[in-house]
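target.pdb follows; it contains PDB, C-alpha atoms and all ligand atoms.
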```pdb
ATOM      1  CA  MET A  14     -75.107 146.983 -26.573
ATOM      2  CA  GLU A  15     -76.349 147.837 -23.086
ATOM      3  CA  LYS A  16     -78.428 151.008 -22.918
ATOM      4  CA  ILE A  17     -77.723 153.749 -20.411
ATOM      5  CA  TYR A  18     -81.166 155.224 -20.821
ATOM      6  CA  GLU A  19     -84.181 154.963 -23.101
ATOM      7  CA  GLY A  20     -86.354 158.041 -23.501
ATOM      8  CA  LYS A  21     -89.480 158.581 -25.592
ATOM      9  CA  ALA A  22     -87.630 159.498 -28.783
ATOM     10  CA  LYS A  23     -84.020 158.414 -28.208
ATOM     11  CA  ILE A  24     -81.856 155.677 -26.708
ATOM     12  CA  LEU A  25     -78.522 156.484 -25.085
ATOM     13  CA  TYR A  26     -75.594 154.045 -25.277
ATOM     14  CA  PRO A  27     -72.133 154.182 -23.694
ATOM     15  CA  THR A  28     -68.953 154.208 -25.820
ATOM     16  CA  ASP A  29     -65.352 153.210 -25.045
ATOM     17  CA  ASP A  30     -64.775 156.803 -23.963
ATOM     18  CA  LYS A  31     -66.653 157.714 -20.774
ATOM     19  CA  ASP A  32     -66.946 161.335 -21.929
ATOM     20  CA  ILE A  33     -68.725 160.332 -25.158
ATOM     21  CA  LEU A  34     -72.210 158.815 -25.571
ATOM     22  CA  LEU A  35     -74.068 157.466 -28.587
ATOM     23  CA  THR A  36     -77.641 158.623 -29.143
ATOM     24  CA  GLN A  37     -79.957 156.550 -31.309
ATOM     25  CA  PHE A  38     -83.022 158.402 -32.624
ATOM     26  CA  LYS A  39     -86.279 156.394 -32.734
ATOM     27  CA  ASP A  40     -89.334 156.570 -34.986
ATOM     28  CA  ASP A  41     -91.548 156.478 -31.873
ATOM     29  CA  ALA A  42     -93.644 159.576 -31.303
ATOM     30  CA  THR A  43     -95.462 160.644 -28.172
ATOM     31  CA  ALA A  44     -97.554 163.646 -27.248
ATOM     32  CA  PHE A  45     -99.335 165.031 -24.198
ATOM     33  CA  ASN A  46     -96.739 163.569 -21.831
ATOM     34  CA  ALA A  47     -96.818 160.184 -23.520
ATOM     35  CA  GLN A  48    -100.601 159.761 -23.247
ATOM     36  CA  LYS A  49    -100.675 159.603 -27.050
ATOM     37  CA  ARG A  50     -98.274 157.190 -28.736
ATOM     38  CA  GLY A  51     -97.481 156.367 -32.333
ATOM     39  CA  THR A  52     -94.778 155.979 -34.940
ATOM     40  CA  ILE A  53     -93.612 158.419 -37.566
ATOM     41  CA  LYS A  54     -91.876 156.398 -40.275
ATOM     42  CA  GLY A  55     -88.330 157.610 -40.921
ATOM     43  CA  LYS A  56     -88.480 160.164 -38.078
ATOM     44  CA  GLY A  57     -85.367 158.819 -36.337
ATOM     45  CA  GLU A  58     -83.155 159.447 -39.341
ATOM     46  CA  ILE A  59     -84.784 162.730 -40.244
ATOM     47  CA  ASN A  60     -84.548 164.203 -36.739
ATOM     48  CA  CYS A  61     -80.975 162.968 -36.322
ATOM     49  CA  GLN A  62     -79.931 164.568 -39.613
ATOM     50  CA  ILE A  63     -81.730 167.858 -38.989
ATOM     51  CA  SER A  64     -80.390 168.084 -35.420
ATOM     52  CA  SER A  65     -76.848 167.213 -36.463
ATOM     53  CA  ALA A  66     -76.880 169.819 -39.204
ATOM     54  CA  LEU A  67     -78.336 172.511 -36.929
ATOM     55  CA  PHE A  68     -75.982 171.722 -34.030
ATOM     56  CA  GLN A  69     -72.974 171.946 -36.356
ATOM     57  CA  TRP A  70     -74.228 175.193 -37.774
ATOM     58  CA  LEU A  71     -74.871 176.660 -34.298
ATOM     59  CA  GLU A  72     -71.344 175.592 -33.254
ATOM     60  CA  SER A  73     -70.025 177.615 -36.196
ATOM     61  CA  LYS A  74     -71.890 180.601 -34.703
ATOM     62  CA  GLY A  75     -70.193 180.101 -31.329
ATOM     63  CA  ILE A  76     -72.923 178.144 -29.501
ATOM     64  CA  ALA A  77     -71.418 175.237 -27.540
ATOM     65  CA  THR A  78     -73.378 172.027 -28.150
ATOM     66  CA  HIS A  79     -72.994 168.371 -27.167
ATOM     67  CA  PHE A  80     -72.716 167.326 -30.839
ATOM     68  CA  ILE A  81     -69.582 165.448 -31.963
ATOM     69  CA  ASP A  82     -70.518 163.642 -35.184
ATOM     70  CA  GLN A  83     -73.113 161.449 -36.875
ATOM     71  CA  PRO A  84     -71.628 157.960 -37.405
ATOM     72  CA  ALA A  85     -74.859 156.534 -38.888
ATOM     73  CA  PRO A  86     -78.076 158.061 -40.270
ATOM     74  CA  ARG A  87     -79.954 157.755 -36.978
ATOM     75  CA  GLN A  88     -76.996 157.943 -34.599
ATOM     76  CA  MET A  89     -75.288 160.941 -33.073
ATOM     77  CA  ARG A  90     -72.146 160.867 -30.946
ATOM     78  CA  VAL A  91     -72.385 163.461 -28.204
ATOM     79  CA  ARG A  92     -70.376 164.752 -25.286
ATOM     80  CA  ALA A  93     -71.623 163.224 -22.037
ATOM     81  CA  VAL A  94     -73.450 165.894 -20.038
ATOM     82  CA  LYS A  95     -75.599 166.028 -16.941
ATOM     83  CA  ILE A  96     -78.932 167.204 -18.328
ATOM     84  CA  ILE A  97     -80.570 170.062 -16.434
ATOM     85  CA  PRO A  98     -84.168 168.790 -16.027
ATOM     86  CA  VAL A  99     -85.649 171.986 -17.426
ATOM     87  CA  GLU A 100     -87.230 172.493 -20.840
ATOM     88  CA  VAL A 101     -86.338 175.952 -22.108
ATOM     89  CA  VAL A 102     -89.048 177.123 -24.491
ATOM     90  CA  VAL A 103     -88.729 180.181 -26.720
ATOM     91  CA  ARG A 104     -91.842 181.546 -28.430
ATOM     92  CA  ASN A 105     -92.031 184.093 -31.236
ATOM     93  CA  ILE A 106     -95.670 183.528 -32.170
ATOM     94  CA  ALA A 107     -98.540 182.422 -29.920
ATOM     95  CA  ALA A 108     -99.421 178.725 -30.260
ATOM     96  CA  GLY A 109     -99.938 175.576 -28.201
ATOM     97  CA  SER A 110     -99.976 175.807 -24.428
ATOM     98  CA  LEU A 111     -99.449 179.588 -24.476
ATOM     99  CA  CYS A 112    -102.817 179.970 -26.226
ATOM    100  CA  ARG A 113    -104.510 177.371 -24.015
ATOM    101  CA  GLN A 114    -103.228 178.985 -20.809
ATOM    102  CA  THR A 115    -103.585 182.679 -21.646
ATOM    103  CA  GLY A 116    -106.370 182.887 -24.230
ATOM    104  CA  LEU A 117    -104.036 184.556 -26.764
ATOM    105  CA  ALA A 118    -105.141 183.769 -30.329
ATOM    106  CA  GLU A 119    -102.941 181.349 -32.286
ATOM    107  CA  GLY A 120    -100.726 183.187 -34.749
ATOM    108  CA  ILE A 121    -100.378 186.474 -32.832
ATOM    109  CA  VAL A 122     -96.799 187.728 -33.179
ATOM    110  CA  LEU A 123     -95.436 188.291 -29.671
ATOM    111  CA  PRO A 124     -93.968 191.744 -28.905
ATOM    112  CA  PHE A 125     -90.670 190.081 -27.927
ATOM    113  CA  PRO A 126     -89.398 186.488 -27.816
ATOM    114  CA  LEU A 127     -90.879 184.850 -24.739
ATOM    115  CA  VAL A 128     -88.477 182.591 -22.817
ATOM    116  CA  GLU A 129     -90.130 180.066 -20.504
ATOM    117  CA  PHE A 130     -88.889 177.269 -18.261
ATOM    118  CA  TYR A 131     -90.803 174.021 -17.717
ATOM    119  CA  LEU A 132     -89.940 171.210 -15.316
ATOM    120  CA  LYS A 133     -89.000 168.099 -17.293
ATOM    121  CA  ASN A 134     -91.300 165.670 -15.497
ATOM    122  CA  ASP A 135     -94.036 163.769 -17.353
ATOM    123  CA  GLU A 136     -95.753 162.598 -14.155
ATOM    124  CA  LEU A 137     -96.248 166.213 -13.083
ATOM    125  CA  GLY A 138     -97.206 167.227 -16.642
ATOM    126  CA  ASP A 139     -94.089 169.364 -17.261
ATOM    127  CA  PRO A 140     -95.345 172.341 -15.188
ATOM    128  CA  LEU A 141     -94.352 175.922 -16.021
ATOM    129  CA  LEU A 142     -91.691 177.141 -13.602
ATOM    130  CA  THR A 143     -91.178 180.592 -12.193
ATOM    131  CA  ARG A 144     -87.656 181.929 -11.692
ATOM    132  CA  ASP A 145     -87.994 181.491  -7.929
ATOM    133  CA  ARG A 146     -89.362 177.931  -8.233
ATOM    134  CA  LEU A 147     -86.298 177.110 -10.338
ATOM    135  CA  LEU A 148     -84.045 178.479  -7.603
ATOM    136  CA  VAL A 149     -85.990 176.803  -4.760
ATOM    137  CA  LEU A 150     -85.794 173.446  -6.557
ATOM    138  CA  GLU A 151     -82.073 174.113  -7.147
ATOM    139  CA  LEU A 152     -82.472 173.279 -10.825
ATOM    140  CA  ALA A 153     -80.043 176.033 -11.747
ATOM    141  CA  THR A 154     -78.087 178.829 -10.095
ATOM    142  CA  THR A 155     -78.928 182.490 -10.727
ATOM    143  CA  GLU A 156     -75.880 182.687 -12.974
ATOM    144  CA  GLN A 157     -76.888 179.561 -14.943
ATOM    145  CA  LEU A 158     -80.426 180.915 -15.326
ATOM    146  CA  LYS A 159     -79.049 184.103 -16.874
ATOM    147  CA  GLN A 160     -76.853 182.008 -19.143
ATOM    148  CA  LEU A 161     -79.756 179.737 -20.175
ATOM    149  CA  ARG A 162     -81.874 182.738 -21.074
ATOM    150  CA  SER A 163     -79.112 184.421 -23.013
ATOM    151  CA  PHE A 164     -78.200 181.200 -24.917
ATOM    152  CA  ALA A 165     -81.865 180.558 -25.714
ATOM    153  CA  LEU A 166     -82.351 184.076 -27.106
ATOM    154  CA  LYS A 167     -79.176 183.890 -29.188
ATOM    155  CA  ILE A 168     -80.186 180.482 -30.565
ATOM    156  CA  ASN A 169     -83.616 181.914 -31.361
ATOM    157  CA  THR A 170     -82.067 184.750 -33.361
ATOM    158  CA  TYR A 171     -79.907 182.338 -35.382
ATOM    159  CA  LEU A 172     -82.606 179.720 -35.920
ATOM    160  CA  THR A 173     -85.328 182.225 -36.830
ATOM    161  CA  GLU A 174     -83.096 183.679 -39.523
ATOM    162  CA  PHE A 175     -82.022 180.255 -40.736
ATOM    163  CA  PHE A 176     -85.538 178.822 -40.992
ATOM    164  CA  ALA A 177     -86.722 182.001 -42.720
ATOM    165  CA  SER A 178     -84.098 181.308 -45.393
ATOM    166  CA  CYS A 179     -85.866 177.930 -45.836
ATOM    167  CA  GLN A 180     -89.244 179.710 -46.170
ATOM    168  CA  ILE A 181     -90.219 178.408 -42.737
ATOM    169  CA  THR A 182     -91.455 180.457 -39.768
ATOM    170  CA  LEU A 183     -90.007 179.399 -36.425
ATOM    171  CA  VAL A 184     -93.077 179.758 -34.196
ATOM    172  CA  ASP A 185     -91.590 178.302 -31.004
ATOM    173  CA  PHE A 186     -89.199 175.592 -29.861
ATOM    174  CA  LYS A 187     -87.860 173.716 -26.856
ATOM    175  CA  LEU A 188     -84.215 173.375 -25.857
ATOM    176  CA  GLU A 189     -82.437 171.278 -23.269
ATOM    177  CA  PHE A 190     -79.043 172.028 -21.793
ATOM    178  CA  GLY A 191     -76.488 169.983 -19.908
ATOM    179  CA  LEU A 192     -73.296 170.466 -17.939
ATOM    180  CA  ASP A 193     -70.101 168.688 -18.998
ATOM    181  CA  THR A 194     -67.525 167.397 -16.508
ATOM    182  CA  GLN A 195     -65.853 170.850 -16.438
ATOM    183  CA  GLY A 196     -69.181 172.515 -15.655
ATOM    184  CA  ASN A 197     -69.581 174.079 -19.129
ATOM    185  CA  LEU A 198     -73.150 174.635 -20.246
ATOM    186  CA  LEU A 199     -73.789 172.831 -23.552
ATOM    187  CA  LEU A 200     -76.860 172.809 -25.769
ATOM    188  CA  ALA A 201     -78.052 169.174 -25.754
ATOM    189  CA  ASP A 202     -80.942 166.915 -26.805
ATOM    190  CA  GLU A 203     -82.192 167.730 -30.332
ATOM    191  CA  ILE A 204     -83.608 170.466 -32.539
ATOM    192  CA  SER A 205     -86.117 168.932 -34.922
ATOM    193  CA  PRO A 206     -89.758 169.007 -36.033
ATOM    194  CA  ASP A 207     -90.450 167.120 -32.764
ATOM    195  CA  THR A 208     -89.226 170.048 -30.687
ATOM    196  CA  CYS A 209     -90.065 173.089 -32.832
ATOM    197  CA  ARG A 210     -93.245 174.549 -34.293
ATOM    198  CA  LEU A 211     -92.484 175.249 -37.941
ATOM    199  CA  TRP A 212     -94.926 176.902 -40.323
ATOM    200  CA  ASP A 213     -94.504 176.762 -44.084
ATOM    201  CA  GLN A 214     -94.352 180.330 -45.433
ATOM    202  CA  GLN A 215     -95.491 179.013 -48.816
ATOM    203  CA  LYS A 216     -98.902 177.998 -47.383
ATOM    204  CA  ASN A 217    -101.632 180.141 -45.850
ATOM    205  CA  ASP A 218    -104.089 177.580 -44.523
ATOM    206  CA  PRO A 219    -103.523 177.167 -40.741
ATOM    207  CA  SER A 220    -103.565 173.347 -41.005
ATOM    208  CA  ASP A 221    -101.702 173.010 -44.293
ATOM    209  CA  ARG A 222     -98.790 175.169 -43.140
ATOM    210  CA  VAL A 223     -97.890 172.949 -40.164
ATOM    211  CA  LEU A 224     -94.535 171.184 -40.761
ATOM    212  CA  ASP A 225     -93.921 169.788 -37.274
ATOM    213  CA  LYS A 226     -95.148 167.384 -34.594
ATOM    214  CA  ASP A 227     -98.451 169.270 -34.307
ATOM    215  CA  ARG A 228     -99.461 167.205 -37.386
ATOM    216  CA  PHE A 229     -99.196 164.139 -35.110
ATOM    217  CA  ARG A 230    -100.548 165.825 -31.953
ATOM    218  CA  ARG A 231    -103.617 167.159 -33.768
ATOM    219  CA  ASP A 232    -104.120 164.259 -36.221
ATOM    220  CA  LEU A 233    -103.623 166.513 -39.238
ATOM    221  CA  GLY A 234    -102.258 163.666 -41.412
ATOM    222  CA  GLU A 235     -99.225 163.680 -43.753
ATOM    223  CA  VAL A 236     -96.849 163.693 -40.796
ATOM    224  CA  GLU A 237     -93.998 161.922 -42.614
ATOM    225  CA  THR A 238     -94.291 164.250 -45.628
ATOM    226  CA  ALA A 239     -93.989 167.306 -43.378
ATOM    227  CA  TYR A 240     -90.869 165.951 -41.634
ATOM    228  CA  GLN A 241     -89.323 165.100 -45.024
ATOM    229  CA  GLU A 242     -90.074 168.602 -46.282
ATOM    230  CA  VAL A 243     -88.233 170.178 -43.338
ATOM    231  CA  GLN A 244     -85.331 167.763 -43.796
ATOM    232  CA  GLN A 245     -85.037 168.602 -47.466
ATOM    233  CA  ARG A 246     -85.165 172.373 -46.959
ATOM    234  CA  VAL A 247     -82.709 172.335 -44.029
ATOM    235  CA  LEU A 248     -80.190 169.988 -45.645
ATOM    236  CA  GLU A 249     -80.317 171.919 -48.891
ATOM    237  CA  LYS A 250     -78.847 174.863 -46.972
ATOM    238  CA  LEU A 251     -76.569 173.003 -44.582
ATOM    239  CA  VAL A 252     -74.274 170.316 -45.903
ATOM    240  CA  ILE A 253     -73.218 168.009 -43.071
ATOM    241  CA  GLY A 254     -69.420 167.900 -42.790
TER     242      GLY A 254
HETATM  243  P1  LIG A 301     -96.202 173.928 -25.924
HETATM  244  O1  LIG A 301     -96.881 175.039 -26.649
HETATM  245  O2  LIG A 301     -96.947 172.633 -25.976
HETATM  246  O3  LIG A 301     -95.838 174.326 -24.519
HETATM  247  O4  LIG A 301     -94.822 173.653 -26.701
HETATM  248  C1  LIG A 301     -93.877 174.663 -26.912
HETATM  249  C2  LIG A 301     -92.760 174.143 -27.797
HETATM  250  O5  LIG A 301     -92.020 173.136 -27.130
HETATM  251  C3  LIG A 301     -93.226 173.485 -29.086
HETATM  252  O6  LIG A 301     -92.343 173.867 -30.134
HETATM  253  C4  LIG A 301     -93.131 172.010 -28.853
HETATM  254  C5  LIG A 301     -92.023 171.898 -27.849
HETATM  255  N1  LIG A 301     -92.250 170.834 -26.880
HETATM  256  C6  LIG A 301     -91.348 169.794 -26.783
HETATM  257  O7  LIG A 301     -90.354 169.741 -27.518
HETATM  258  N2  LIG A 301     -91.566 168.842 -25.833
HETATM  259  C7  LIG A 301     -92.616 168.868 -24.996
HETATM  260  O8  LIG A 301     -92.752 167.979 -24.164
HETATM  261  C8  LIG A 301     -93.552 169.952 -25.115
HETATM  262  C9  LIG A 301     -94.754 170.026 -24.221
HETATM  263  C10 LIG A 301     -93.325 170.903 -26.061
END
```
Would you mind writing the file's structure down as structure tokens?
Ligand code: TMP
Amino acid sequence: MEKIYEGKAKILYPTDDKDILLTQFKDDATAFNAQKRGTIKGKGEINCQISSALFQWLESKGIATHFIDQPAPRQMRVRAVKIIPVEVVVRNIAAGSLCRQTGLAEGIVLPFPLVEFYLKNDELGDPLLTRDRLLVLELATTEQLKQLRSFALKINTYLTEFFASCQITLVDFKLEFGLDTQGNLLLADEISPDTCRLWDQQKNDPSDRVLDKDRFRRDLGEVETAYQEVQQRVLEKLVIG
């Protein structure tokens, strides 16, 4: 089948219905804006299953997502949306680029969830955006910005509580949103160990507790095992309908 688009972790295919697309999740992994490349065996299926389950669950909480169904283990049918080229990051605990850029120590609990916007552009290194830069670049309207922030905070509340029920701390995560043909804002892309920092509450060691893509980014080993662990804990709680 002819692809519409191939990204770093997913391939997008058309369907007979122009309003519906098929996403195929890949085992390919990249980090540091694709400067580091590798494969995480089974990742495509795992991320597709985790994302599908979480999207369905968020829908049940009233969050509009692009998810339709999961016709095959690594395939998701989604509503066609125009992706807003902004990565919306929510942080509960200091880690990653927040520590590198501010000097905050990893693991510090933030006084409130920090919502940040990054430009989705590998060549520019996904720079951090200010509110005014977002408006100048016409990436979103003032109203959409408010909506993005409010959606992101709501999703954070739901996901933090959900992962806690799996004995996992949601440290931070990245969301992408898109607009459907009617202009509705839908949660898109994926929610998976590729796009979240997840720490195992059953482990204390700062390296052992990592259950997400930081295992790949930082060469911590046992990447597949960590992804499988998240899959198992998430799917135990959420049965895909
Ligand atoms: P950061 O600390 O590297 O800025 O990452 C914040 C969160 O966003 C983390 O959970 C990983 C996720 N993320 C992505 O999903 N894609 C990306 O390209 C980057 C840089 C981060």
- What residues come out when you apply the PyMOL selection byres (((chain A and resi 175) around 12) and not hetatm) to this file, written as an MDAnalysis selection string? chainID A and resid 66:67 70:71 74 168:174 176:183 211 246:251
- Item | Reference answer for the PyMOL selection byres (((chain A and resi 17-27) around 12) and not hetatm), as an NGL selection string | :A and (14-16 or 28-53 or 56-58 or 60-61 or 87-94 or 135 or 202-203 or 205 or 207-208)
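With the shown file loaded, the PyMOL selection byres (((chain A and resi 144-161) around 8) and not hetatm) picks out Ile97, Pro98, Val99, Val101, Leu142, Thr143, Arg162, Ser163, Phe164, Ala165 and Phe190 of chain A.
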- Near-ligand residues for ligand LIG 301 (chain A), threshold 8 Å, all atoms listed in the file, as an MDAnalysis selection string: chainID A and resid 44:46 100 102:104 108:112 133 139 184:188 207:211 226
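The closest residue to Leu198 of chain A, picked from A:Thr78, A:Thr115, A:Asn105, A:Gln245 and counting only C-alpha atoms, is A:Thr78.
Atom CA of Ser64 of chain A to atom CA of Glu189 of chain A spans 12.7 Å [interatomic distance, one decimal].
If only C-alpha atoms are the atoms counted, then among A:Gln69, A:Asp218, A:Trp212, A:Gln195 the closest residue to Gln83 of chain A is A:Gln69.
Of note, atom CA of Ala239 of chain A and atom CA of Pro124 of chain A are spaced 28.4 Å apart.
Distances here use all atoms listed in the file; by that measure, the residue among A:Leu233, A:Leu200, A:Val243, A:Val252 closest to Ala77 of chain A is A:Leu200.
Taking atom CA of Gly120 of chain A as the reference point, atom CA of Arg230 of chain A is found at 17.6 Å.
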- Message: Ranking A:Arg228, A:Lys54, A:Gly75, A:Lys95 by minimum distance to Thr194 of chain A and counting all atoms listed in the file, which one comes first?
- Response: A:Lys95
Write out N, CA, C and O atoms for segment 139-159 of chain A, as a PDB file, keeping the file's coordinate frame.
```
ATOM      1  N   ASP A 139     -95.036 168.299 -16.861  1.00  0.00           N
ATOM      2  CA  ASP A 139     -94.089 169.364 -17.261  1.00  0.00           C
ATOM      3  C   ASP A 139     -94.585 170.770 -16.869  1.00  0.00           C
ATOM      4  O   ASP A 139     -94.822 171.624 -17.745  1.00  0.00           O
ATOM      5  N   PRO A 140     -94.773 171.037 -15.568  1.00  0.00           N
ATOM      6  CA  PRO A 140     -95.345 172.341 -15.188  1.00  0.00           C
ATOM      7  C   PRO A 140     -94.430 173.536 -15.520  1.00  0.00           C
ATOM      8  O   PRO A 140     -93.212 173.413 -15.519  1.00  0.00           O
ATOM      9  N   LEU A 141     -95.064 174.663 -15.786  1.00  0.00           N
ATOM     10  CA  LEU A 141     -94.352 175.922 -16.021  1.00  0.00           C
ATOM     11  C   LEU A 141     -93.689 176.343 -14.719  1.00  0.00           C
ATOM     12  O   LEU A 141     -94.307 176.289 -13.651  1.00  0.00           O
ATOM     13  N   LEU A 142     -92.426 176.746 -14.805  1.00  0.00           N
ATOM     14  CA  LEU A 142     -91.691 177.141 -13.602  1.00  0.00           C
ATOM     15  C   LEU A 142     -91.564 178.657 -13.542  1.00  0.00           C
ATOM     16  O   LEU A 142     -91.442 179.308 -14.568  1.00  0.00           O
ATOM     17  N   THR A 143     -91.566 179.191 -12.349  1.00  0.00           N
ATOM     18  CA  THR A 143     -91.178 180.592 -12.193  1.00  0.00           C
ATOM     19  C   THR A 143     -89.679 180.605 -11.904  1.00  0.00           C
ATOM     20  O   THR A 143     -89.093 179.556 -11.593  1.00  0.00           O
ATOM     21  N   ARG A 144     -89.086 181.798 -11.980  1.00  0.00           N
ATOM     22  CA  ARG A 144     -87.656 181.929 -11.692  1.00  0.00           C
ATOM     23  C   ARG A 144     -87.369 181.441 -10.262  1.00  0.00           C
ATOM     24  O   ARG A 144     -86.443 180.681 -10.025  1.00  0.00           O
ATOM     25  N   ASP A 145     -88.224 181.860  -9.322  1.00  0.00           N
ATOM     26  CA  ASP A 145     -87.994 181.491  -7.929  1.00  0.00           C
ATOM     27  C   ASP A 145     -88.208 179.994  -7.689  1.00  0.00           C
ATOM     28  O   ASP A 145     -87.505 179.388  -6.887  1.00  0.00           O
ATOM     29  N   ARG A 146     -89.182 179.386  -8.370  1.00  0.00           N
ATOM     30  CA  ARG A 146     -89.362 177.931  -8.233  1.00  0.00           C
ATOM     31  C   ARG A 146     -88.112 177.204  -8.699  1.00  0.00           C
ATOM     32  O   ARG A 146     -87.674 176.227  -8.094  1.00  0.00           O
ATOM     33  N   LEU A 147     -87.534 177.706  -9.808  1.00  0.00           N
ATOM     34  CA  LEU A 147     -86.298 177.110 -10.338  1.00  0.00           C
ATOM     35  C   LEU A 147     -85.192 177.160  -9.293  1.00  0.00           C
ATOM     36  O   LEU A 147     -84.447 176.195  -9.101  1.00  0.00           O
ATOM     37  N   LEU A 148     -85.102 178.311  -8.611  1.00  0.00           N
ATOM     38  CA  LEU A 148     -84.045 178.479  -7.603  1.00  0.00           C
ATOM     39  C   LEU A 148     -84.342 177.627  -6.366  1.00  0.00           C
ATOM     40  O   LEU A 148     -83.453 176.967  -5.837  1.00  0.00           O
ATOM     41  N   VAL A 149     -85.609 177.601  -5.939  1.00  0.00           N
ATOM     42  CA  VAL A 149     -85.990 176.803  -4.760  1.00  0.00           C
ATOM     43  C   VAL A 149     -85.708 175.320  -5.010  1.00  0.00           C
ATOM     44  O   VAL A 149     -85.202 174.607  -4.137  1.00  0.00           O
ATOM     45  N   LEU A 150     -86.013 174.864  -6.216  1.00  0.00           N
ATOM     46  CA  LEU A 150     -85.794 173.446  -6.557  1.00  0.00           C
ATOM     47  C   LEU A 150     -84.323 173.155  -6.878  1.00  0.00           C
ATOM     48  O   LEU A 150     -83.964 172.017  -7.177  1.00  0.00           O
ATOM     49  N   GLU A 151     -83.509 174.223  -6.849  1.00  0.00           N
ATOM     50  CA  GLU A 151     -82.073 174.113  -7.147  1.00  0.00           C
ATOM     51  C   GLU A 151     -81.815 173.439  -8.497  1.00  0.00           C
ATOM     52  O   GLU A 151     -80.932 172.599  -8.647  1.00  0.00           O
ATOM     53  N   LEU A 152     -82.637 173.826  -9.467  1.00  0.00           N
ATOM     54  CA  LEU A 152     -82.472 173.279 -10.825  1.00  0.00           C
ATOM     55  C   LEU A 152     -81.358 174.009 -11.554  1.00  0.00           C
ATOM     56  O   LEU A 152     -80.749 173.468 -12.472  1.00  0.00           O
ATOM     57  N   ALA A 153     -81.117 175.240 -11.158  1.00  0.00           N
ATOM     58  CA  ALA A 153     -80.043 176.033 -11.747  1.00  0.00           C
ATOM     59  C   ALA A 153     -79.692 177.154 -10.773  1.00  0.00           C
ATOM     60  O   ALA A 153     -80.520 177.524  -9.936  1.00  0.00           O
ATOM     61  N   THR A 154     -78.481 177.677 -10.917  1.00  0.00           N
ATOM     62  CA  THR A 154     -78.087 178.829 -10.095  1.00  0.00           C
ATOM     63  C   THR A 154     -78.557 180.097 -10.811  1.00  0.00           C
ATOM     64  O   THR A 154     -78.931 180.047 -11.993  1.00  0.00           O
ATOM     65  N   THR A 155     -78.525 181.218 -10.110  1.00  0.00           N
ATOM     66  CA  THR A 155     -78.928 182.490 -10.727  1.00  0.00           C
ATOM     67  C   THR A 155     -78.083 182.753 -11.971  1.00  0.00           C
ATOM     68  O   THR A 155     -78.595 183.181 -13.009  1.00  0.00           O
ATOM     69  N   GLU A 156     -76.801 182.476 -11.848  1.00  0.00           N
ATOM     70  CA  GLU A 156     -75.880 182.687 -12.974  1.00  0.00           C
ATOM     71  C   GLU A 156     -76.245 181.778 -14.158  1.00  0.00           C
ATOM     72  O   GLU A 156     -76.306 182.228 -15.308  1.00  0.00           O
ATOM     73  N   GLN A 157     -76.531 180.509 -13.871  1.00  0.00           N
ATOM     74  CA  GLN A 157     -76.888 179.561 -14.943  1.00  0.00           C
ATOM     75  C   GLN A 157     -78.216 179.970 -15.611  1.00  0.00           C
ATOM     76  O   GLN A 157     -78.373 179.827 -16.819  1.00  0.00           O
ATOM     77  N   LEU A 158     -79.133 180.467 -14.789  1.00  0.00           N
ATOM     78  CA  LEU A 158     -80.426 180.915 -15.326  1.00  0.00           C
ATOM     79  C   LEU A 158     -80.231 182.027 -16.346  1.00  0.00           C
ATOM     80  O   LEU A 158     -80.824 182.025 -17.426  1.00  0.00           O
ATOM     81  N   LYS A 159     -79.356 182.990 -15.967  1.00  0.00           N
ATOM     82  CA  LYS A 159     -79.049 184.103 -16.874  1.00  0.00           C
ATOM     83  C   LYS A 159     -78.447 183.571 -18.163  1.00  0.00           C
ATOM     84  O   LYS A 159     -78.787 183.997 -19.258  1.00  0.00           O
TER      85      LYS A 159
END
```
